[in-house]
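Peer 1: Input file: query_31.txt. Contents: compact mmCIF, C-alpha atoms and all ligand atoms.
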```
# COMPACT_ATOMS: atom_id res chain seq x y z
CA MET A 63 106.21 102.42 86.77
CA ALA A 64 107.28 101.32 90.23
CA LYS A 65 106.03 98.45 92.36
CA ILE A 66 104.97 100.16 95.59
CA GLY A 67 103.94 98.46 98.82
CA PHE A 68 101.65 100.38 101.17
CA ILE A 69 100.79 99.42 104.77
CA GLY A 70 98.21 101.35 106.80
CA LEU A 71 95.15 102.26 104.70
CA GLY A 72 93.28 104.45 107.20
CA ASN A 73 91.97 107.99 106.89
CA MET A 74 95.30 109.19 105.51
CA GLY A 75 96.85 106.08 103.91
CA GLY A 76 93.66 105.23 101.97
CA PRO A 77 93.60 108.40 99.85
CA MET A 78 97.42 108.46 99.54
CA VAL A 79 97.18 105.02 97.90
CA GLN A 80 94.51 106.30 95.50
CA ASN A 81 96.86 109.05 94.30
CA LEU A 82 99.74 106.61 93.73
CA ILE A 83 97.40 104.37 91.69
CA LYS A 84 96.16 107.38 89.66
CA ALA A 85 99.80 108.20 88.86
CA GLY A 86 100.07 104.77 87.23
CA HIS A 87 102.07 102.81 89.83
CA ASP A 88 101.49 99.15 90.79
CA LEU A 89 100.32 99.00 94.39
CA VAL A 90 100.38 96.05 96.80
CA VAL A 91 98.63 96.90 100.05
CA PHE A 92 97.96 95.55 103.54
CA ASP A 93 95.93 96.70 106.54
CA LEU A 94 94.44 94.93 109.56
CA SER A 95 91.01 96.12 108.34
CA ALA A 96 89.45 94.12 105.49
CA ASP A 97 87.23 97.11 104.62
CA ALA A 98 90.27 99.35 104.18
CA ILE A 99 91.91 96.76 101.91
CA LYS A 100 88.73 96.46 99.83
CA LYS A 101 88.63 100.19 99.10
CA ALA A 102 92.20 100.01 97.78
CA THR A 103 91.65 96.84 95.72
CA ASP A 104 88.45 98.34 94.25
CA ALA A 105 90.67 101.19 93.01
CA GLY A 106 93.10 98.78 91.36
CA ALA A 107 95.62 97.76 94.05
CA ALA A 108 96.64 94.15 94.71
CA SER A 109 96.43 92.96 98.31
CA ALA A 110 98.82 90.91 100.44
CA THR A 111 97.85 88.70 103.37
CA ASN A 112 100.39 90.26 105.76
CA ALA A 113 102.80 93.18 105.99
CA ALA A 114 105.90 91.13 105.14
CA ASP A 115 104.38 90.02 101.82
CA VAL A 116 103.94 93.67 100.87
CA ALA A 117 107.69 94.19 101.12
CA ARG A 118 108.68 91.08 99.16
CA GLY A 119 109.31 92.30 95.62
CA ALA A 120 108.45 95.97 96.23
CA GLU A 121 110.86 98.72 95.19
CA ILE A 122 109.25 101.29 97.49
CA VAL A 123 107.31 100.66 100.71
CA VAL A 124 105.21 103.35 102.40
CA THR A 125 103.83 102.94 105.93
CA MET A 126 101.09 105.13 107.43
CA LEU A 127 100.42 103.71 110.91
CA PRO A 128 99.01 105.09 114.17
CA ALA A 129 102.05 105.17 116.50
CA GLY A 130 105.67 104.17 117.15
CA SER A 131 104.74 100.75 118.58
CA HIS A 132 102.98 99.82 115.32
CA VAL A 133 105.93 101.04 113.25
CA SER A 134 108.45 99.01 115.33
CA SER A 135 106.34 95.87 115.16
CA VAL A 136 105.87 96.11 111.38
CA TYR A 137 109.51 96.94 110.51
CA LEU A 138 111.55 94.95 113.05
CA GLY A 139 111.88 91.28 114.00
CA ASP A 140 112.24 88.04 112.01
CA GLN A 141 109.19 88.65 109.86
CA GLY A 142 109.55 92.45 109.86
CA LEU A 143 109.77 94.45 106.64
CA LEU A 144 113.52 94.97 107.02
CA ALA A 145 114.18 91.22 107.31
CA VAL A 146 112.28 90.22 104.18
CA ALA A 147 112.76 93.11 101.71
CA ALA A 148 115.45 93.06 99.02
CA LYS A 149 118.52 95.17 99.84
CA GLY A 150 118.19 98.69 98.45
CA THR A 151 114.42 98.85 98.96
CA VAL A 152 113.28 102.42 99.74
CA PHE A 153 111.13 102.79 102.87
CA ILE A 154 109.00 105.86 103.63
CA ASP A 155 107.38 105.97 107.07
CA SER A 156 104.79 108.75 107.02
CA SER A 157 103.28 107.91 110.43
CA THR A 158 103.55 110.56 113.14
CA ILE A 159 105.62 108.81 115.83
CA ASP A 160 108.14 109.55 118.57
CA VAL A 161 111.53 110.82 117.46
CA GLU A 162 113.44 108.06 119.29
CA THR A 163 111.61 105.21 117.52
CA ALA A 164 111.89 106.98 114.15
CA ARG A 165 115.69 107.27 114.55
CA ALA A 166 116.03 103.67 115.78
CA VAL A 167 114.05 102.19 112.88
CA VAL A 168 115.91 104.24 110.23
CA SER A 169 119.21 103.12 111.78
CA GLU A 170 118.09 99.44 111.61
CA ALA A 171 117.02 99.97 108.00
CA GLU A 172 120.41 101.39 107.05
CA GLN A 173 122.20 98.48 108.78
CA ALA A 174 120.02 96.10 106.75
CA GLY A 175 121.15 97.79 103.51
CA MET A 176 117.92 99.72 102.89
CA LYS A 177 117.22 103.39 102.22
CA MET A 178 114.72 104.90 104.64
CA VAL A 179 113.19 108.26 105.52
CA ASP A 180 110.79 109.37 108.23
CA ALA A 181 108.29 111.57 106.40
CA PRO A 182 105.36 112.66 108.59
CA VAL A 183 102.76 114.92 107.02
CA SER A 184 100.53 117.85 107.68
CA GLY A 185 97.47 118.74 105.65
CA GLY A 186 94.97 116.24 107.04
CA VAL A 187 92.58 114.02 105.13
CA GLY A 188 91.76 116.85 102.69
CA GLY A 189 95.44 117.18 101.80
CA ALA A 190 95.80 113.40 101.45
CA GLU A 191 92.83 113.28 99.05
CA ALA A 192 93.98 116.26 97.00
CA GLY A 193 97.63 115.13 96.89
CA THR A 194 98.69 118.40 98.51
CA LEU A 195 100.22 117.14 101.77
CA THR A 196 103.28 118.77 103.27
CA PHE A 197 105.99 116.17 103.94
CA MET A 198 108.66 116.83 106.58
CA VAL A 199 111.44 114.42 105.75
CA GLY A 200 114.38 113.14 107.77
CA GLY A 201 117.12 110.88 106.42
CA GLU A 202 120.27 110.62 104.30
CA ASN A 203 120.37 112.62 101.04
CA ALA A 204 120.30 109.45 98.91
CA ALA A 205 117.21 108.16 100.73
CA PHE A 206 115.49 111.55 100.37
CA GLU A 207 116.24 111.69 96.62
CA ALA A 208 114.95 108.13 96.15
CA ALA A 209 111.73 108.88 98.05
CA LYS A 210 111.02 112.32 96.58
CA PRO A 211 109.36 111.34 93.25
CA TYR A 212 106.72 109.41 95.21
CA LEU A 213 106.29 112.11 97.87
CA ASP A 214 105.72 114.55 94.99
CA ILE A 215 102.68 112.50 93.90
CA MET A 216 101.13 112.52 97.39
CA GLY A 217 102.16 116.01 98.41
CA LYS A 218 102.80 119.56 97.32
CA ASN A 219 105.51 120.81 99.69
CA ILE A 220 108.37 118.40 100.38
CA PHE A 221 110.97 119.56 102.92
CA HIS A 222 114.22 117.74 103.66
CA ALA A 223 114.65 118.62 107.34
CA GLY A 224 118.02 116.87 107.88
CA GLY A 225 119.05 113.47 109.19
CA ALA A 226 116.92 110.60 110.46
CA GLY A 227 114.11 111.63 112.82
CA ASN A 228 114.24 115.31 111.83
CA GLY A 229 110.94 114.98 109.96
CA GLN A 230 109.31 113.97 113.25
CA VAL A 231 111.13 116.80 115.05
CA ALA A 232 109.73 119.35 112.59
CA LYS A 233 106.25 117.87 112.90
CA VAL A 234 106.07 117.88 116.72
CA CYS A 235 107.62 121.35 117.02
CA ASN A 236 105.17 122.76 114.47
CA ASN A 237 102.16 121.11 116.07
CA MET A 238 103.20 122.11 119.59
CA LEU A 239 103.31 125.70 118.33
CA LEU A 240 99.92 125.24 116.64
CA GLY A 241 98.32 123.89 119.84
CA ILE A 242 99.73 126.73 121.93
CA SER A 243 98.72 129.41 119.40
CA MET A 244 95.17 128.03 119.10
CA ILE A 245 94.72 128.23 122.87
CA GLY A 246 96.11 131.79 122.86
CA VAL A 247 93.73 132.89 120.10
CA ALA A 248 90.79 131.19 121.84
CA GLU A 249 91.60 132.92 125.14
CA ALA A 250 91.73 136.31 123.42
CA PHE A 251 88.32 135.83 121.77
CA VAL A 252 86.71 134.62 125.02
CA LEU A 253 88.12 137.60 126.95
CA ALA A 254 87.06 140.08 124.24
CA GLU A 255 83.50 138.79 124.26
CA LYS A 256 83.25 139.05 128.06
CA LEU A 257 84.56 142.61 127.86
CA GLY A 258 81.98 143.57 125.21
CA LEU A 259 84.10 143.39 122.03
CA ASP A 260 82.56 141.20 119.31
CA GLY A 261 84.61 138.51 117.60
CA GLN A 262 84.49 140.03 114.10
CA THR A 263 85.86 143.35 115.36
CA LEU A 264 88.68 141.66 117.29
CA PHE A 265 89.46 139.62 114.15
CA ASP A 266 89.52 142.70 111.91
CA ILE A 267 91.98 144.42 114.26
CA SER A 268 94.17 141.51 115.40
CA SER A 269 94.46 139.88 111.97
CA THR A 270 96.31 142.99 110.78
CA ALA A 271 98.10 143.68 114.09
CA SER A 272 100.81 141.92 116.09
CA GLY A 273 98.54 139.16 117.42
CA GLN A 274 98.10 137.78 113.87
CA CYS A 275 98.80 134.06 113.37
CA TRP A 276 97.50 131.06 111.35
CA SER A 277 95.20 129.88 114.16
CA MET A 278 93.40 133.21 113.85
CA THR A 279 93.50 134.04 110.13
CA SER A 280 93.04 130.56 108.62
CA TYR A 281 91.31 128.60 111.39
CA CYS A 282 89.55 131.15 113.59
CA PRO A 283 87.94 129.39 116.60
CA VAL A 284 84.82 131.61 116.57
CA PRO A 285 82.15 131.38 113.86
CA GLY A 286 82.05 134.13 111.26
CA PRO A 287 85.41 135.69 110.43
CA VAL A 288 86.89 132.70 108.51
CA PRO A 289 84.03 130.88 106.70
CA SER A 290 86.05 127.68 106.12
CA SER A 291 87.02 127.20 109.77
CA PRO A 292 85.40 124.31 111.74
CA ALA A 293 83.85 126.86 114.16
CA ASN A 294 81.22 127.46 111.45
CA ARG A 295 80.12 123.79 111.49
CA ASP A 296 79.96 123.17 115.23
CA TYR A 297 83.65 122.18 115.43
CA GLU A 298 83.35 119.16 113.19
CA PRO A 299 86.96 118.14 112.34
CA GLY A 300 89.28 119.10 110.61
CA PHE A 301 91.99 118.02 112.92
CA THR A 302 90.67 116.45 116.10
CA ALA A 303 91.52 117.43 119.65
CA GLY A 304 92.64 113.80 120.13
CA MET A 305 95.20 114.11 117.31
CA MET A 306 96.45 117.41 118.68
CA LEU A 307 96.85 115.78 122.09
CA LYS A 308 98.80 112.91 120.54
CA ASP A 309 101.24 115.35 118.93
CA LEU A 310 101.54 117.47 122.10
CA ARG A 311 102.38 114.33 124.09
CA LEU A 312 105.00 113.37 121.50
CA ALA A 313 106.48 116.87 121.85
CA GLN A 314 106.60 116.51 125.65
CA THR A 315 108.30 113.10 125.41
CA ALA A 316 110.86 114.53 122.99
CA ALA A 317 111.41 117.60 125.21
CA GLN A 318 111.99 115.48 128.32
CA GLY A 319 114.58 113.41 126.42
CA VAL A 320 116.73 116.46 125.72
CA LYS A 321 115.83 118.49 128.84
CA ALA A 322 114.16 121.25 126.77
CA ALA A 323 111.90 123.60 128.75
CA THR A 324 108.47 123.64 127.08
CA PRO A 325 106.12 124.92 129.80
CA LEU A 326 103.49 126.21 127.37
CA GLY A 327 103.60 122.94 125.43
CA ALA A 328 103.02 121.10 128.72
CA GLN A 329 100.08 123.38 129.54
CA ALA A 330 98.61 122.89 126.06
CA ALA A 331 98.83 119.09 126.52
CA ALA A 332 97.11 119.41 129.91
CA LEU A 333 94.24 121.46 128.42
CA TYR A 334 93.72 119.09 125.49
CA SER A 335 93.78 116.14 127.92
CA LEU A 336 90.75 117.76 129.61
CA MET A 337 88.95 117.61 126.25
CA GLU A 338 89.86 113.93 125.98
CA ALA A 339 88.79 113.19 129.56
CA GLY A 340 85.43 114.81 128.86
CA GLY A 341 84.90 112.56 125.83
CA HIS A 342 85.47 115.39 123.32
CA ASP A 343 88.57 114.05 121.57
CA GLN A 344 86.73 113.77 118.23
CA VAL A 345 85.81 117.49 118.28
CA ASP A 346 88.00 119.75 116.14
CA PHE A 347 91.00 121.06 118.11
CA SER A 348 89.73 124.65 117.73
CA GLY A 349 86.81 123.53 119.94
CA ILE A 350 89.18 124.14 122.87
CA ILE A 351 87.47 127.57 122.92
CA LYS A 352 84.34 125.86 124.31
CA LEU A 353 86.42 124.38 127.15
CA LEU A 354 87.71 127.87 127.98
CA LYS A 355 84.19 129.29 127.83
CA GLY A 356 82.84 126.48 130.01
CA THR A 357 80.39 125.41 127.29
CA LEU A 358 81.94 122.10 126.16
P1 LIG B 401 93.93 105.64 111.01
O1 LIG B 401 93.75 105.10 112.38
O2 LIG B 401 92.74 106.11 110.23
O3 LIG B 401 94.71 104.57 110.10
C1 LIG B 401 95.72 103.74 110.57
C2 LIG B 401 95.58 102.41 109.82
O4 LIG B 401 96.67 101.56 110.19
C3 LIG B 401 94.29 101.67 110.19
O5 LIG B 401 93.57 101.36 109.01
C4 LIG B 401 94.78 100.41 110.90
O6 LIG B 401 93.97 99.27 110.67
C5 LIG B 401 96.16 100.24 110.28
N1 LIG B 401 97.08 99.44 111.07
C6 LIG B 401 97.37 99.54 112.39
N2 LIG B 401 98.30 98.62 112.75
C7 LIG B 401 98.60 97.94 111.62
C8 LIG B 401 99.47 96.86 111.33
N3 LIG B 401 100.23 96.30 112.28
N4 LIG B 401 99.53 96.40 110.07
C9 LIG B 401 98.75 96.96 109.10
N5 LIG B 401 97.91 97.97 109.30
C10 LIG B 401 97.83 98.46 110.55
O7 LIG B 401 94.98 106.82 111.16
P2 LIG B 401 95.23 108.04 110.15
O8 LIG B 401 94.32 109.18 110.50
O9 LIG B 401 95.27 107.52 108.76
O10 LIG B 401 96.70 108.51 110.62
C11 LIG B 401 97.86 107.76 110.27
C12 LIG B 401 99.07 108.51 110.79
O11 LIG B 401 99.08 109.83 110.20
C13 LIG B 401 99.06 108.72 112.31
O12 LIG B 401 100.37 108.57 112.80
C14 LIG B 401 98.55 110.15 112.48
O13 LIG B 401 99.04 110.76 113.68
C15 LIG B 401 99.13 110.81 111.23
N6 LIG B 401 98.38 111.99 110.77
C16 LIG B 401 97.02 111.97 110.67
C17 LIG B 401 96.34 113.12 110.23
C18 LIG B 401 94.82 113.13 110.10
O14 LIG B 401 94.25 114.23 109.91
N7 LIG B 401 94.13 111.99 110.17
C19 LIG B 401 97.06 114.27 109.87
C20 LIG B 401 98.44 114.25 109.95
C21 LIG B 401 99.10 113.10 110.39
```
Can you give me the file's structure in the form of structure tokens?
Peer 2:
Amino acid sequence: MAKIGFIGLGNMGGPMVQNLIKAGHDLVVFDLSADAIKKATDAGAASATNAADVARGAEIVVTMLPAGSHVSSVYLGDQGLLAVAAKGTVFIDSSTIDVETARAVVSEAEQAGMKMVDAPVSGGVGGAEAGTLTFMVGGENAAFEAAKPYLDIMGKNIFHAGGAGNGQVAKVCNNMLLGISMIGVAEAFVLAEKLGLDGQTLFDISSTASGQCWSMTSYCPVPGPVPSSPANRDYEPGFTAGMMLKDLRLAQTAAQGVKAATPLGAQAAALYSLMEAGGHDQVDFSGIIKLLKGTL
């Protein structure tokens, strides 16, 4: 069994740790929150007093942090993970962060003699708890192969998307598409209702016609047609509008860096920023339909 370090025990990292413990591995964990550490130690993990101590003696280190600035500060510098870990340590950063930082940190890791992948996830807290996350992985083949047995414990679908940073590229492109498609589906349902066509009838037709997409058939933004969708529980998340906005902003930053035209992605970010400005960032992202209806 491997000695695994884990840093970032929040909504996602907490349950990911539980699954690694259940698989029989030895976990050493750290978080800035004492409560988050306690949940992991109650489940059998050992705790460290800082991030660097997690990396000392670990064979594998997983990080699940909010943003690129947190990842840089934990990995780099004199007391960063890369400075204190033994050469050959395998690092898995599963945070969703900007592509540029992901590539820079993996490059630093390789120069320090480590193996590292960026491995952001989709599947949300439910997927983290069930061990069914999708991992989108960027990095060298050897790093991917070294990380895969542990990703297999925390996830169900593991994709090697190419070199360093390509996991983050896959994640922001997918989520930009998701944000755009959710707004498109919401607009169609709002228009149909105003024109006298009820939501269930539009769903029955469109879900088998050319307007069909995941935002409609698995996550329909009106109550009724898809019983499991957050629309049936007053848009309780799920995946919050704030998280969607974070990913849309990452997509815009990445697009600007390579001069890619993403006008619908920009518009989606603008609409979700209205949800944030109105204090609705903790509402499920499908709640954008209420913004379009003027009922948010
Ligand atoms: P979270 O805010 O619940 O957890 C982040 C944890 O990191 C917190 O416990 C915080 O205390 C800790 N932390 C921050 N800085 C730290 C540091 N320097 N050292 C140690 N610990 C530190 O966030 P989350 O929902 O678990 O998301 C984590 C990442 O996964 C984010 O990048 C997010 O975008 C991504 N993600 C989240 C979801 C979701 O549904 N929650 C889905 C897909 C991807």
Peer 1: Ligand LIG 401 (chain B): which residues are within 9 Å, counting all atoms listed in the file? Reply as a short mmCIF file (atom, residue, chain, number, x, y, z; two decimals) with C-alpha atoms, keeping the file's coordinate frame.
Peer 2:
```cif
data_model
loop_
_atom_site.label_atom_id
_atom_site.label_comp_id
_atom_site.auth_asym_id
_atom_site.auth_seq_id
_atom_site.Cartn_x
_atom_site.Cartn_y
_atom_site.Cartn_z
CA ILE A 69 100.79 99.42 104.77
CA GLY A 70 98.21 101.35 106.80
CA LEU A 71 95.15 102.26 104.70
CA GLY A 72 93.28 104.45 107.20
CA ASN A 73 91.97 107.99 106.89
CA MET A 74 95.30 109.19 105.51
CA GLY A 75 96.85 106.08 103.91
CA GLY A 76 93.66 105.23 101.97
CA PHE A 92 97.96 95.55 103.54
CA ASP A 93 95.93 96.70 106.54
CA LEU A 94 94.44 94.93 109.56
CA SER A 95 91.01 96.12 108.34
CA ALA A 96 89.45 94.12 105.49
CA ASP A 97 87.23 97.11 104.62
CA ALA A 98 90.27 99.35 104.18
CA ILE A 99 91.91 96.76 101.91
CA ASN A 112 100.39 90.26 105.76
CA ALA A 113 102.80 93.18 105.99
CA THR A 125 103.83 102.94 105.93
CA MET A 126 101.09 105.13 107.43
CA LEU A 127 100.42 103.71 110.91
CA PRO A 128 99.01 105.09 114.17
CA ALA A 129 102.05 105.17 116.50
CA GLY A 130 105.67 104.17 117.15
CA SER A 131 104.74 100.75 118.58
CA HIS A 132 102.98 99.82 115.32
CA VAL A 133 105.93 101.04 113.25
CA SER A 135 106.34 95.87 115.16
CA VAL A 136 105.87 96.11 111.38
CA SER A 156 104.79 108.75 107.02
CA SER A 157 103.28 107.91 110.43
CA THR A 158 103.55 110.56 113.14
CA ILE A 159 105.62 108.81 115.83
CA PRO A 182 105.36 112.66 108.59
CA VAL A 183 102.76 114.92 107.02
CA SER A 184 100.53 117.85 107.68
CA GLY A 185 97.47 118.74 105.65
CA GLY A 186 94.97 116.24 107.04
CA VAL A 187 92.58 114.02 105.13
CA GLY A 188 91.76 116.85 102.69
CA GLY A 189 95.44 117.18 101.80
CA ALA A 190 95.80 113.40 101.45
CA LEU A 195 100.22 117.14 101.77
CA LYS A 233 106.25 117.87 112.90
CA PRO A 299 86.96 118.14 112.34
CA GLY A 300 89.28 119.10 110.61
CA PHE A 301 91.99 118.02 112.92
CA THR A 302 90.67 116.45 116.10
CA MET A 305 95.20 114.11 117.31
CA MET A 306 96.45 117.41 118.68
CA LYS A 308 98.80 112.91 120.54
CA ASP A 309 101.24 115.35 118.93
#
```
Peer 1: Just want the 10 Å neighbourhood of Ala164 in chain A, counted on only C-alpha atoms, with same-chain residues fewer than 6 positions away dropped. Output as a PDB file with C-alpha atoms, in the coordinates of the input.
Peer 2:
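Below you can see around-v6.pdb, which holds the result:
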```pdb
ATOM      1  CA  GLY A 130     105.670 104.170 117.150  1.00  0.00           C
ATOM      2  CA  VAL A 133     105.930 101.040 113.250  1.00  0.00           C
ATOM      3  CA  SER A 134     108.450  99.010 115.330  1.00  0.00           C
ATOM      4  CA  ASP A 155     107.380 105.970 107.070  1.00  0.00           C
ATOM      5  CA  SER A 157     103.280 107.910 110.430  1.00  0.00           C
ATOM      6  CA  THR A 158     103.550 110.560 113.140  1.00  0.00           C
ATOM      7  CA  VAL A 179     113.190 108.260 105.520  1.00  0.00           C
ATOM      8  CA  ASP A 180     110.790 109.370 108.230  1.00  0.00           C
ATOM      9  CA  ALA A 181     108.290 111.570 106.400  1.00  0.00           C
ATOM     10  CA  GLY A 200     114.380 113.140 107.770  1.00  0.00           C
ATOM     11  CA  ALA A 226     116.920 110.600 110.460  1.00  0.00           C
ATOM     12  CA  GLY A 227     114.110 111.630 112.820  1.00  0.00           C
ATOM     13  CA  ASN A 228     114.240 115.310 111.830  1.00  0.00           C
ATOM     14  CA  GLY A 229     110.940 114.980 109.960  1.00  0.00           C
ATOM     15  CA  GLN A 230     109.310 113.970 113.250  1.00  0.00           C
ATOM     16  CA  VAL A 231     111.130 116.800 115.050  1.00  0.00           C
TER      17      VAL A 231
END
```
Peer 1: Using only C-alpha atoms, can you tell me which of A:Leu307, A:Ala316, A:Lys210, A:Val152 comes closest to Leu336 in chain A?
Peer 2: A:Leu307
Peer 1: I need the residue nearest Arg118 in chain A from this list: A:Leu239, A:Ala102, A:Ala209, A:Val90. Use all atoms listed in the file for the distance.
Peer 2: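 With all atoms listed in the file as the atom set, the closest residue is A:Val90.
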Peer 1: Measure the distance from CA of Ala331 in chain A to CA of Arg311 in chain A in Å and round it to one decimal.
Peer 2: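 A separation of 6.4 Å between them.
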Peer 1: Find the distance between CA of Gly349 in chain A and CA of Tyr297 in chain A and write it in Å to one decimal.
Peer 2: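 According to the coordinates, CA of Gly349 in chain A and CA of Tyr297 in chain A are separated by 5.7 Å.
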Peer 1: Set the distance at 9 Å and use all atoms listed in the file: which residues neighbour Met278 in chain A once local chain neighbours fewer than 3 positions away are removed? I'd like the list as a list in words.
Peer 2: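 What passes the distance filter is Ser243, Met244, Val247, Ala248, Phe265, Ser268, Ser269, Gly273, Gln274, Cys275, Tyr281, Cys282, Pro283 and Val288 of chain A.
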Peer 1: So how far away is CA of Met78 in chain A from CA of Ile220 in chain A, in Å?
Peer 2: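 Separating CA of Ile220 in chain A from CA of Met78 in chain A is a distance of 14.8 Å.
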Peer 1: May I have the protein, DNA and RNA residues with an atom at most 9 Å from (89.8, 140.3, 118.3), counting only C-alpha atoms in the file's coordinates, returned as a list in words?
Peer 2: Val247, Ala250, Phe251, Ala254, Glu255, Leu259, Asp260, Gly261, Gln262, Thr263, Leu264, Phe265, Asp266, Ile267, Ser268, Ser269 and Gly273 of chain A
Peer 1: Edge lengths and centre in Å to one decimal, as lines of an AutoDock Vina configuration file, is what I'm after for the box along x, y and z that holds all listed atoms of range 233-240 of chain A once 8 Å is added on each side.
Peer 2:
```
center_x = 103.8
center_y = 121.8
center_z = 116.2
size_x = 23.7
size_y = 23.8
size_z = 22.7
```
Peer 1: Measuring between only C-alpha atoms, which one of A:Leu358, A:Phe221, A:His87, A:Met238 shows the shortest distance to Pro325 in chain A?
Peer 2: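 Closest to Pro325 in chain A of all the choices is A:Met238.
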Peer 1: List every protein, DNA or RNA residue that has an atom no more than 10 Å from (118.4, 97.6, 107.9) in the file's coordinate frame, counting all atoms listed in the file, and report them as a ChimeraX atom specification.
Peer 2: /A:137-138,143-145,147,149-151,167-178
Peer 1: Given the selection you just returned, output its residues as a file containing C-alpha atoms, formatted as a PDB file, keeping the file's coordinate frame.
Peer 2:
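Result saved to part-v4.pdb:
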```pdb
ATOM      1  CA  TYR A 137     109.510  96.940 110.510  1.00  0.00           C
ATOM      2  CA  LEU A 138     111.550  94.950 113.050  1.00  0.00           C
ATOM      3  CA  LEU A 143     109.770  94.450 106.640  1.00  0.00           C
ATOM      4  CA  LEU A 144     113.520  94.970 107.020  1.00  0.00           C
ATOM      5  CA  ALA A 145     114.180  91.220 107.310  1.00  0.00           C
ATOM      6  CA  ALA A 147     112.760  93.110 101.710  1.00  0.00           C
ATOM      7  CA  LYS A 149     118.520  95.170  99.840  1.00  0.00           C
ATOM      8  CA  GLY A 150     118.190  98.690  98.450  1.00  0.00           C
ATOM      9  CA  THR A 151     114.420  98.850  98.960  1.00  0.00           C
ATOM     10  CA  VAL A 167     114.050 102.190 112.880  1.00  0.00           C
ATOM     11  CA  VAL A 168     115.910 104.240 110.230  1.00  0.00           C
ATOM     12  CA  SER A 169     119.210 103.120 111.780  1.00  0.00           C
ATOM     13  CA  GLU A 170     118.090  99.440 111.610  1.00  0.00           C
ATOM     14  CA  ALA A 171     117.020  99.970 108.000  1.00  0.00           C
ATOM     15  CA  GLU A 172     120.410 101.390 107.050  1.00  0.00           C
ATOM     16  CA  GLN A 173     122.200  98.480 108.780  1.00  0.00           C
ATOM     17  CA  ALA A 174     120.020  96.100 106.750  1.00  0.00           C
ATOM     18  CA  GLY A 175     121.150  97.790 103.510  1.00  0.00           C
ATOM     19  CA  MET A 176     117.920  99.720 102.890  1.00  0.00           C
ATOM     20  CA  LYS A 177     117.220 103.390 102.220  1.00  0.00           C
ATOM     21  CA  MET A 178     114.720 104.900 104.640  1.00  0.00           C
TER      22      MET A 178
END
```
Peer 1: Give me, as a PDB file with C-alpha atoms, keeping the file's coordinate frame, all polymer residues having an atom no more than 9 Å from Ile245 in chain A, counting all atoms listed in the file and skipping those fewer than 2 positions away in the same chain.
Peer 2:
```pdb
ATOM      1  CA  LEU A 240      99.920 125.240 116.640  1.00  0.00           C
ATOM      2  CA  GLY A 241      98.320 123.890 119.840  1.00  0.00           C
ATOM      3  CA  ILE A 242      99.730 126.730 121.930  1.00  0.00           C
ATOM      4  CA  SER A 243      98.720 129.410 119.400  1.00  0.00           C
ATOM      5  CA  VAL A 247      93.730 132.890 120.100  1.00  0.00           C
ATOM      6  CA  ALA A 248      90.790 131.190 121.840  1.00  0.00           C
ATOM      7  CA  GLU A 249      91.600 132.920 125.140  1.00  0.00           C
ATOM      8  CA  ALA A 250      91.730 136.310 123.420  1.00  0.00           C
ATOM      9  CA  SER A 277      95.200 129.880 114.160  1.00  0.00           C
ATOM     10  CA  ALA A 330      98.610 122.890 126.060  1.00  0.00           C
ATOM     11  CA  LEU A 333      94.240 121.460 128.420  1.00  0.00           C
ATOM     12  CA  SER A 348      89.730 124.650 117.730  1.00  0.00           C
ATOM     13  CA  ILE A 350      89.180 124.140 122.870  1.00  0.00           C
ATOM     14  CA  ILE A 351      87.470 127.570 122.920  1.00  0.00           C
ATOM     15  CA  LEU A 354      87.710 127.870 127.980  1.00  0.00           C
TER      16      LEU A 354
END
```
Peer 1: Between A:Leu353, A:Ala105, A:Ala313, A:Ala232, which one has atoms that come closest to Glu338 in chain A, using all atoms listed in the file?
Peer 2: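 Answer, going by the shortest atom-to-atom distance: A:Leu353.
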Peer 1: Smallest atom-to-atom distance to Ala120 in chain A: which of A:Gly67, A:Pro211, A:Gly142, A:Pro77, using all atoms listed in the file?
Peer 2: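 Result for the nearest residue to Ala120 in chain A: A:Gly67.
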